[in-house]
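**Student:** One file: query02.cif (mmCIF, C-alpha atoms).
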```
data_input
loop_
_atom_site.label_atom_id
_atom_site.label_comp_id
_atom_site.auth_asym_id
_atom_site.auth_seq_id
_atom_site.Cartn_x
_atom_site.Cartn_y
_atom_site.Cartn_z
CA MET A 88 11.30 28.74 -26.05
CA ARG A 89 13.26 28.24 -29.27
CA ILE A 90 15.17 31.11 -30.83
CA SER A 91 15.76 31.12 -34.58
CA CYS A 92 16.93 33.65 -37.14
CA PHE A 93 15.90 34.89 -40.57
CA LEU A 94 18.67 35.03 -43.17
CA SER A 95 18.54 37.83 -45.73
CA ALA A 96 19.76 36.38 -49.03
CA GLN A 97 19.20 39.46 -51.17
CA PHE A 98 21.97 41.73 -52.30
CA ASP A 99 22.76 44.94 -54.12
CA PRO A 100 22.72 44.04 -57.83
CA ALA A 101 26.07 45.79 -58.22
CA ALA A 102 27.69 43.66 -55.50
CA SER A 103 29.06 40.14 -55.75
CA ALA A 104 26.29 37.59 -55.17
CA THR A 105 28.84 34.86 -54.48
CA GLU A 106 30.36 36.95 -51.70
CA GLY A 107 26.86 37.60 -50.41
CA ILE A 108 26.13 33.87 -50.26
CA ASP A 109 29.41 33.32 -48.44
CA GLY A 110 28.10 35.78 -45.85
CA VAL A 111 24.77 33.93 -45.57
CA LEU A 112 26.61 30.63 -45.06
CA ALA A 113 28.78 32.26 -42.39
CA GLN A 114 25.66 33.51 -40.61
CA ALA A 115 24.06 30.06 -40.73
CA ALA A 116 27.20 28.46 -39.31
CA ALA A 117 27.38 31.11 -36.58
CA ALA A 118 23.70 30.60 -35.72
CA GLU A 119 24.24 26.85 -35.43
CA ALA A 120 27.30 27.31 -33.22
CA ALA A 121 25.45 29.82 -31.03
CA GLY A 122 22.58 27.41 -30.32
CA PHE A 123 19.86 28.88 -32.54
CA HIS A 124 17.11 26.38 -33.37
CA ALA A 125 16.57 27.19 -37.07
CA VAL A 126 17.34 29.53 -39.92
CA TYR A 127 14.58 30.76 -42.26
CA LEU A 128 14.59 32.12 -45.79
CA GLY A 129 12.23 34.50 -47.58
CA HIS A 130 10.85 34.23 -51.09
CA HIS A 131 10.17 36.74 -53.86
CA TYR A 132 10.39 36.99 -57.61
CA LEU A 133 11.14 40.10 -59.67
CA ALA A 134 12.68 41.86 -56.68
CA ARG A 135 14.74 45.02 -57.04
CA SER A 136 17.56 43.32 -55.15
CA ALA A 137 19.54 40.30 -56.31
CA PHE A 138 17.30 37.75 -54.57
CA VAL A 139 18.68 34.21 -54.23
CA GLN A 140 15.82 31.75 -54.55
CA PRO A 141 15.17 29.83 -51.32
CA ILE A 142 14.67 26.24 -52.47
CA PRO A 143 18.17 25.76 -53.95
CA LEU A 144 19.66 27.87 -51.15
CA ALA A 145 18.03 25.66 -48.51
CA GLY A 146 19.76 22.63 -50.03
CA HIS A 147 23.08 24.49 -49.96
CA LEU A 148 22.55 25.42 -46.31
CA GLY A 149 21.66 21.83 -45.49
CA HIS A 150 25.03 20.70 -46.81
CA ALA A 151 26.88 23.46 -44.92
CA THR A 152 25.29 22.71 -41.52
CA SER A 153 24.58 19.61 -39.47
CA ARG A 154 22.10 20.36 -36.66
CA ILE A 155 20.17 23.56 -37.20
CA ARG A 156 16.75 23.32 -38.87
CA ILE A 157 16.20 25.07 -42.19
CA GLY A 158 12.93 26.55 -43.30
CA PHE A 159 10.95 29.13 -45.23
CA GLY A 160 9.34 32.17 -43.76
CA VAL A 161 7.49 32.12 -46.13
CA LEU A 162 7.51 30.26 -49.45
CA LEU A 163 5.03 31.66 -52.00
CA ALA A 164 3.46 28.28 -52.67
CA PRO A 165 0.47 29.45 -54.80
CA LEU A 166 2.87 30.67 -57.50
CA LEU A 167 4.20 27.14 -57.97
CA ASN A 168 2.83 23.77 -59.02
CA PRO A 169 1.87 21.57 -56.04
CA ILE A 170 3.29 18.39 -57.56
CA ALA A 171 6.62 20.10 -58.16
CA LEU A 172 6.47 21.50 -54.63
CA ALA A 173 5.80 18.10 -53.11
CA GLU A 174 8.75 16.54 -54.93
CA GLU A 175 11.18 19.43 -54.39
CA LEU A 176 10.37 19.80 -50.70
CA SER A 177 10.58 16.05 -50.18
CA SER A 178 13.99 16.19 -51.86
CA LEU A 179 15.02 19.00 -49.51
CA ASP A 180 13.90 17.02 -46.49
CA VAL A 181 16.12 14.17 -47.65
CA LEU A 182 19.05 16.50 -48.36
CA THR A 183 18.77 18.11 -44.92
CA ARG A 184 18.30 14.72 -43.18
CA GLY A 185 14.84 15.70 -41.93
CA ARG A 186 15.57 19.27 -40.83
CA LEU A 187 13.09 21.10 -43.06
CA THR A 188 10.19 23.33 -41.94
CA VAL A 189 7.87 24.67 -44.67
CA GLY A 190 6.28 28.02 -43.98
CA ILE A 191 3.96 29.05 -46.82
CA GLY A 192 1.92 32.14 -47.57
CA ALA A 193 -0.35 33.65 -50.22
CA GLY A 194 1.89 36.64 -51.00
CA TYR A 195 1.02 40.31 -51.31
CA ARG A 196 2.54 41.43 -54.65
CA ARG A 197 0.28 41.41 -57.72
CA ARG A 198 3.36 41.66 -59.93
CA GLU A 199 4.32 38.14 -58.87
CA THR A 200 0.92 36.53 -59.36
CA THR A 201 0.53 38.21 -62.77
CA ALA A 202 3.95 36.97 -63.86
CA PHE A 203 2.95 33.37 -63.07
CA GLY A 204 -0.54 33.59 -64.56
CA VAL A 205 -2.21 33.20 -61.16
CA ALA A 206 -5.39 35.19 -60.63
CA TRP A 207 -5.15 37.36 -57.50
CA GLU A 208 -8.11 35.65 -55.82
CA ASP A 209 -6.94 32.20 -56.93
CA ARG A 210 -3.80 32.40 -54.80
CA LEU A 211 -5.97 31.90 -51.69
CA ARG A 212 -7.83 28.92 -53.14
CA ARG A 213 -4.52 27.36 -54.18
CA LEU A 214 -3.15 27.77 -50.67
CA ARG A 215 -6.18 25.93 -49.26
CA GLU A 216 -5.90 23.15 -51.84
CA TYR A 217 -2.14 22.67 -51.71
CA VAL A 218 -1.83 21.79 -48.03
CA PRO A 219 -3.86 18.53 -48.18
CA ILE A 220 -2.19 17.59 -51.48
CA LEU A 221 1.30 17.99 -50.00
CA ARG A 222 0.39 16.11 -46.83
CA ALA A 223 -1.23 13.23 -48.70
CA LEU A 224 1.70 12.77 -51.08
CA TRP A 225 4.21 12.96 -48.23
CA ARG A 226 2.24 10.29 -46.32
CA GLY A 227 2.67 7.98 -49.30
CA GLU A 228 -0.92 8.14 -50.57
CA THR A 229 -1.95 7.91 -54.22
CA ILE A 230 -4.34 10.72 -55.12
CA ASP A 231 -6.24 12.25 -58.01
CA ALA A 232 -5.56 15.99 -58.00
CA ALA A 233 -6.77 18.84 -60.18
CA GLY A 234 -6.93 22.61 -60.01
CA SER A 235 -6.15 25.80 -61.89
CA TRP A 236 -2.51 24.65 -61.85
CA GLY A 237 -3.19 21.44 -63.83
CA GLU A 238 -4.50 17.91 -63.42
CA VAL A 239 -2.93 14.60 -62.49
CA PRO A 240 -4.62 11.22 -61.88
CA GLN A 241 -3.03 8.64 -59.60
CA ALA A 242 -0.26 10.91 -58.34
CA SER A 243 2.18 9.40 -55.86
CA LEU A 244 5.60 10.23 -54.49
CA PRO A 245 8.21 7.45 -54.51
CA LEU A 246 10.75 9.81 -52.89
CA ARG A 247 9.44 10.04 -49.34
CA PRO A 248 10.54 12.70 -46.84
CA VAL A 249 12.72 11.72 -43.89
CA GLN A 250 10.25 13.22 -41.40
CA PRO A 251 7.22 10.93 -40.94
CA GLY A 252 4.30 12.53 -42.74
CA GLY A 253 6.59 15.11 -44.27
CA PRO A 254 8.04 18.40 -43.05
CA PRO A 255 5.85 20.59 -40.83
CA ILE A 256 3.70 23.08 -42.75
CA TRP A 257 3.17 26.50 -41.18
CA ILE A 258 0.99 29.20 -42.69
CA GLY A 259 1.97 32.85 -42.57
CA ALA A 260 -0.95 35.21 -42.13
CA PHE A 261 -1.77 38.76 -41.02
CA ALA A 262 -5.51 39.28 -41.55
CA GLU A 263 -8.23 37.52 -39.55
CA PRO A 264 -9.62 35.48 -42.50
CA ALA A 265 -6.11 34.18 -43.26
CA ILE A 266 -5.55 33.29 -39.60
CA ARG A 267 -8.83 31.37 -39.53
CA ARG A 268 -7.75 29.63 -42.76
CA ALA A 269 -4.56 28.42 -41.07
CA ALA A 270 -6.62 26.98 -38.21
CA ARG A 271 -9.07 25.27 -40.59
CA LEU A 272 -6.10 23.61 -42.29
CA ASP A 273 -4.86 22.40 -38.88
CA ALA A 274 -1.57 24.20 -39.49
CA PRO A 275 0.44 26.31 -37.05
CA TRP A 276 -0.04 30.02 -37.65
CA LEU A 277 3.30 31.68 -38.41
CA ILE A 278 2.85 35.12 -36.85
CA GLY A 279 4.37 37.92 -38.91
CA PRO A 280 6.60 40.73 -37.65
CA LYS A 281 3.78 43.04 -36.54
CA GLY A 282 1.27 43.26 -33.72
CA ASP A 283 1.70 44.34 -30.11
CA ASP A 284 0.88 42.05 -27.18
CA ASP A 285 -2.80 43.02 -27.00
CA GLU A 286 -3.33 42.53 -30.73
CA LEU A 287 -1.51 39.20 -30.70
CA ALA A 288 -3.58 37.99 -27.75
CA ARG A 289 -6.77 38.89 -29.63
CA LEU A 290 -5.70 37.17 -32.86
CA LEU A 291 -4.40 34.09 -31.05
CA GLY A 292 -7.81 33.87 -29.36
CA ILE A 293 -9.44 33.82 -32.80
CA TYR A 294 -7.01 31.18 -34.05
CA ARG A 295 -7.45 28.92 -31.01
CA ALA A 296 -11.23 29.30 -31.08
CA GLU A 297 -11.26 28.18 -34.72
CA LEU A 298 -9.08 25.18 -33.81
CA ALA A 299 -11.49 24.23 -31.03
CA GLU A 300 -14.51 24.56 -33.30
CA ARG A 301 -12.88 22.16 -35.76
CA GLY A 302 -11.86 19.71 -33.03
CA PHE A 303 -8.13 20.29 -33.54
CA ASP A 304 -5.67 20.09 -30.67
CA PRO A 305 -4.48 23.57 -29.60
CA ALA A 306 -1.23 22.06 -28.27
CA ARG A 307 1.11 22.79 -31.16
CA GLU A 308 3.89 25.07 -32.34
CA TYR A 309 3.22 28.81 -32.06
CA PRO A 310 6.01 30.39 -34.15
CA MET A 311 6.52 34.13 -34.53
CA SER A 312 8.89 36.32 -36.54
CA ARG A 313 10.21 39.63 -35.19
CA GLU A 314 12.62 42.36 -36.19
CA ALA A 315 15.43 42.32 -33.63
CA PHE A 316 18.47 44.25 -32.46
CA ILE A 317 20.44 43.99 -29.25
CA GLY A 318 22.39 46.86 -27.71
CA ASP A 319 23.72 47.96 -24.34
CA SER A 320 20.43 49.81 -23.78
CA TYR A 321 17.10 50.38 -25.50
CA ARG A 322 18.23 53.84 -26.58
CA SER A 323 21.46 52.63 -28.17
CA ALA A 324 19.73 49.70 -29.89
CA VAL A 325 17.05 51.95 -31.41
CA ALA A 326 19.67 54.46 -32.59
CA ALA A 327 21.53 51.67 -34.38
CA VAL A 328 18.60 49.84 -36.00
CA ARG A 329 16.13 52.65 -36.75
CA PRO A 330 17.81 53.83 -40.01
CA HIS A 331 17.97 50.24 -41.26
CA LEU A 332 14.29 49.57 -40.54
CA GLN A 333 13.29 52.86 -42.13
CA ARG A 334 15.00 51.83 -45.39
CA GLN A 335 13.66 48.28 -45.14
CA TYR A 336 10.00 49.24 -44.78
CA ALA A 337 10.18 52.01 -47.34
CA GLY A 338 10.93 49.26 -49.86
CA TYR A 339 7.69 47.36 -49.15
CA LYS A 340 5.74 49.29 -51.79
CA SER A 341 3.09 46.57 -52.12
CA TRP A 342 2.48 46.23 -48.38
CA ASP A 343 0.02 49.00 -47.55
CA GLU A 344 0.51 48.86 -43.79
CA ALA A 345 4.26 49.35 -44.16
CA GLN A 346 3.69 52.71 -45.82
CA SER A 347 1.79 54.12 -42.83
CA LEU A 348 3.97 52.56 -40.15
CA ASP A 349 4.62 54.53 -36.95
CA LEU A 350 8.22 53.41 -36.67
CA ASP A 351 8.82 54.54 -33.09
CA ARG A 352 5.70 52.77 -31.82
CA TYR A 353 6.62 49.71 -33.88
CA LEU A 354 10.13 49.55 -32.42
CA ALA A 355 8.88 49.92 -28.86
CA GLN A 356 5.95 47.49 -28.98
CA ASP A 357 6.27 45.00 -31.85
CA CYS A 358 10.02 44.52 -32.27
CA LEU A 359 12.56 42.75 -30.11
CA VAL A 360 14.92 45.68 -29.56
CA GLY A 361 16.84 46.69 -26.45
CA SER A 362 19.31 45.38 -23.92
CA ALA A 363 19.71 41.66 -23.28
CA ASP A 364 17.64 41.89 -20.09
CA GLU A 365 14.83 43.77 -21.85
CA ILE A 366 14.80 41.28 -24.71
CA VAL A 367 14.77 38.25 -22.38
CA ASP A 368 11.91 39.77 -20.38
CA LYS A 369 9.85 40.28 -23.53
CA LEU A 370 10.54 36.76 -24.79
CA ARG A 371 9.47 35.27 -21.47
CA ARG A 372 6.31 37.36 -21.50
CA TRP A 373 5.45 36.14 -24.99
CA GLU A 374 6.06 32.56 -23.90
CA ASN A 375 4.10 32.76 -20.64
CA ASP A 376 1.24 35.07 -21.67
CA LEU A 377 0.75 34.17 -25.34
CA GLY A 378 2.09 30.62 -25.55
CA ILE A 379 4.69 31.45 -28.20
CA THR A 380 7.04 28.49 -28.70
CA GLU A 381 9.54 29.90 -31.21
CA VAL A 382 10.68 33.37 -32.23
CA SER A 383 12.58 33.90 -35.48
CA LEU A 384 14.68 37.07 -35.42
CA ARG A 385 15.80 39.16 -38.35
CA HIS A 386 19.16 40.73 -37.57
CA GLN A 387 20.23 42.02 -40.98
CA PHE A 388 18.37 44.77 -42.80
CA VAL A 389 18.79 46.79 -45.99
CA GLY A 390 22.01 48.75 -45.66
CA ALA A 391 23.37 46.69 -42.74
CA SER A 392 26.81 45.13 -43.10
CA GLN A 393 27.86 41.50 -42.75
CA GLU A 394 30.00 42.50 -39.77
CA GLU A 395 27.00 43.99 -37.97
CA ALA A 396 24.88 40.90 -38.70
CA MET A 397 27.59 38.58 -37.35
CA ASP A 398 28.00 40.74 -34.25
CA GLN A 399 24.24 40.61 -33.62
CA LEU A 400 24.19 36.81 -34.00
CA ALA A 401 27.08 36.47 -31.56
CA ARG A 402 25.48 38.80 -29.00
CA PHE A 403 22.06 37.14 -29.23
CA GLY A 404 23.68 33.74 -28.87
CA ALA A 405 25.74 34.68 -25.84
CA GLU A 406 23.33 37.04 -24.08
CA VAL A 407 19.85 35.77 -25.02
CA VAL A 408 19.76 32.26 -26.52
CA SER A 409 21.78 30.81 -23.67
CA ARG A 410 19.23 32.17 -21.19
CA VAL A 411 15.90 31.26 -22.79
CA ALA A 412 16.37 28.54 -25.40
CA THR A 413 14.74 25.15 -24.98
CA PRO A 414 17.20 22.28 -25.63
CA ASP A 415 16.55 20.63 -28.99
CA THR A 416 15.95 17.20 -27.49
CA GLU A 417 13.97 16.13 -30.55
CA GLU A 418 16.99 16.58 -32.83
CA ALA A 419 19.33 15.10 -30.22
CA THR A 420 17.39 11.85 -30.10
CA ARG A 421 17.09 11.29 -33.85
#
```
Could you write out this structure as structure tokens?

**Tutor:**
Amino acid sequence: MRISCFLSAQFDPAASATEGIDGVLAQAAAAEAAGFHAVYLGHHYLARSAFVQPIPLAGHLGHATSRIRIGFGVLLAPLLNPIALAEELSSLDVLTRGRLTVGIGAGYRRRETTAFGVAWEDRLRRLREYVPILRALWRGETIDAAGSWGEVPQASLPLRPVQPGGPPIWIGAFAEPAIRRAARLDAPWLIGPKGDDDELARLLGIYRAELAERGFDPAREYPMSREAFIGDSYRSAVAAVRPHLQRQYAGYKSWDEAQSLDLDRYLAQDCLVGSADEIVDKLRRWENDLGITEVSLRHQFVGASQEEAMDQLARFGAEVVSRVATPDTEEATR
């Protein structure tokens, strides 16, 4: 199994954003040194926090690191133009020397779609249309493309990605129709930070059944994101992270499920919280029972300090990653 981490590049508007970015770079360097497989960035516009946009930040991280993969978890692709996306993401793949992973999602905030002139329902159609456009351009094909975003005949991409066929595209999804959509697009489903083992098994069954119906190979990446905190015991870990998660989820005003969250149940069943042994046991269960191939961990939450985030990265690296991580032979042989 591969262990990755989610970097929180959003700051208090009253704080120094440059100091905040220095902290993000320090976390990325620490994750690389500790053996993490990848770092992932989120994406929002019009946030209450000072939110550093992920595409330029990914290029900055690519320059500051040498091995670790860099990706999005997730990029709000339907808000953007697919031709611009194809060119910018191809540029990022070149800048990172082929270390880019592109997680995309439809988004859940109407404020964002309205700001970009995207009809709420159209964001789903755009997501479906964008994936084949990106793949075709990255393969070097010349295509005629048109949609609510614009129209372009004979589009091609002279700047080709380093990775053959372009960077991997994953699709973030929570609801069953969105999970089926990911399967129909022959894209790995990026599992979000919710769902206990029984629910994940049920939804993965739906995803794999849809793959089979379409004749797609089920042997693929099965990435998952989780909230995480390591302590000397489950009790001490919960005591440390619970206030942070409470603040974090209270801020998700546009995510209905976050407003009715049973935090204690969520911590016990959905999150990766506890001692090193408890965390390793859960990771191995996810790998063996569900087929999960990669887990991306968020260590830093609203109100958490840089020192705490760095301590969590160091502890996960020393006490967890070293015990469960699959060697990155693919990167080693490039």

**Student:** Select, from A:Phe261, A:Leu179, A:Leu277, A:Ser323, the residue with the minimum atom-to-atom distance to His147 (chain A), counting all atoms listed in the file.

**Tutor:**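 Result for the nearest residue to His147 (chain A): A:Leu179.
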
**Student:** Between CA of Ala137 (chain A) and CA of Gly204 (chain A), what distance in Å does the model show, to one decimal?

**Tutor:**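 Separating CA of Ala137 (chain A) from CA of Gly204 (chain A) is a distance of 22.7 Å.
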
**Student:** Here's the selection I'm unsure about, the PyMOL selection byres ((chain A and resi 268) around 12); applied to the file above, which residues does it give, as number ranges by chain?

**Tutor:** A: 192-193, 211-212, 214-216, 218, 257-267, 269-276, 293-295, 297-298, 301

**Student:** Pull the neighbourhood of (7.2, 17.0, -53.4) for me: all residues within 9 Å in file coordinates, counting only C-alpha atoms, as a PyMOL selection string.

**Tutor:** chain A and resi 169-179+221+224-225+244+246-248

**Student:** When you look at Arg226 (chain A) with a cut-off of 8 Å (counting only C-alpha atoms), what residues show up, excluding the ones that are within fewer than 3 positions of it in the same chain? I need them as number ranges by chain.

**Tutor:** A: 222-223, 247, 251-253

**Student:** Identify all residues satisfying the PyMOL selection byres ((chain A and resi 308) around 8) in the given file; provide them as a ChimeraX atom specification.

**Tutor:** /A:275,306-307,309-310,379-381
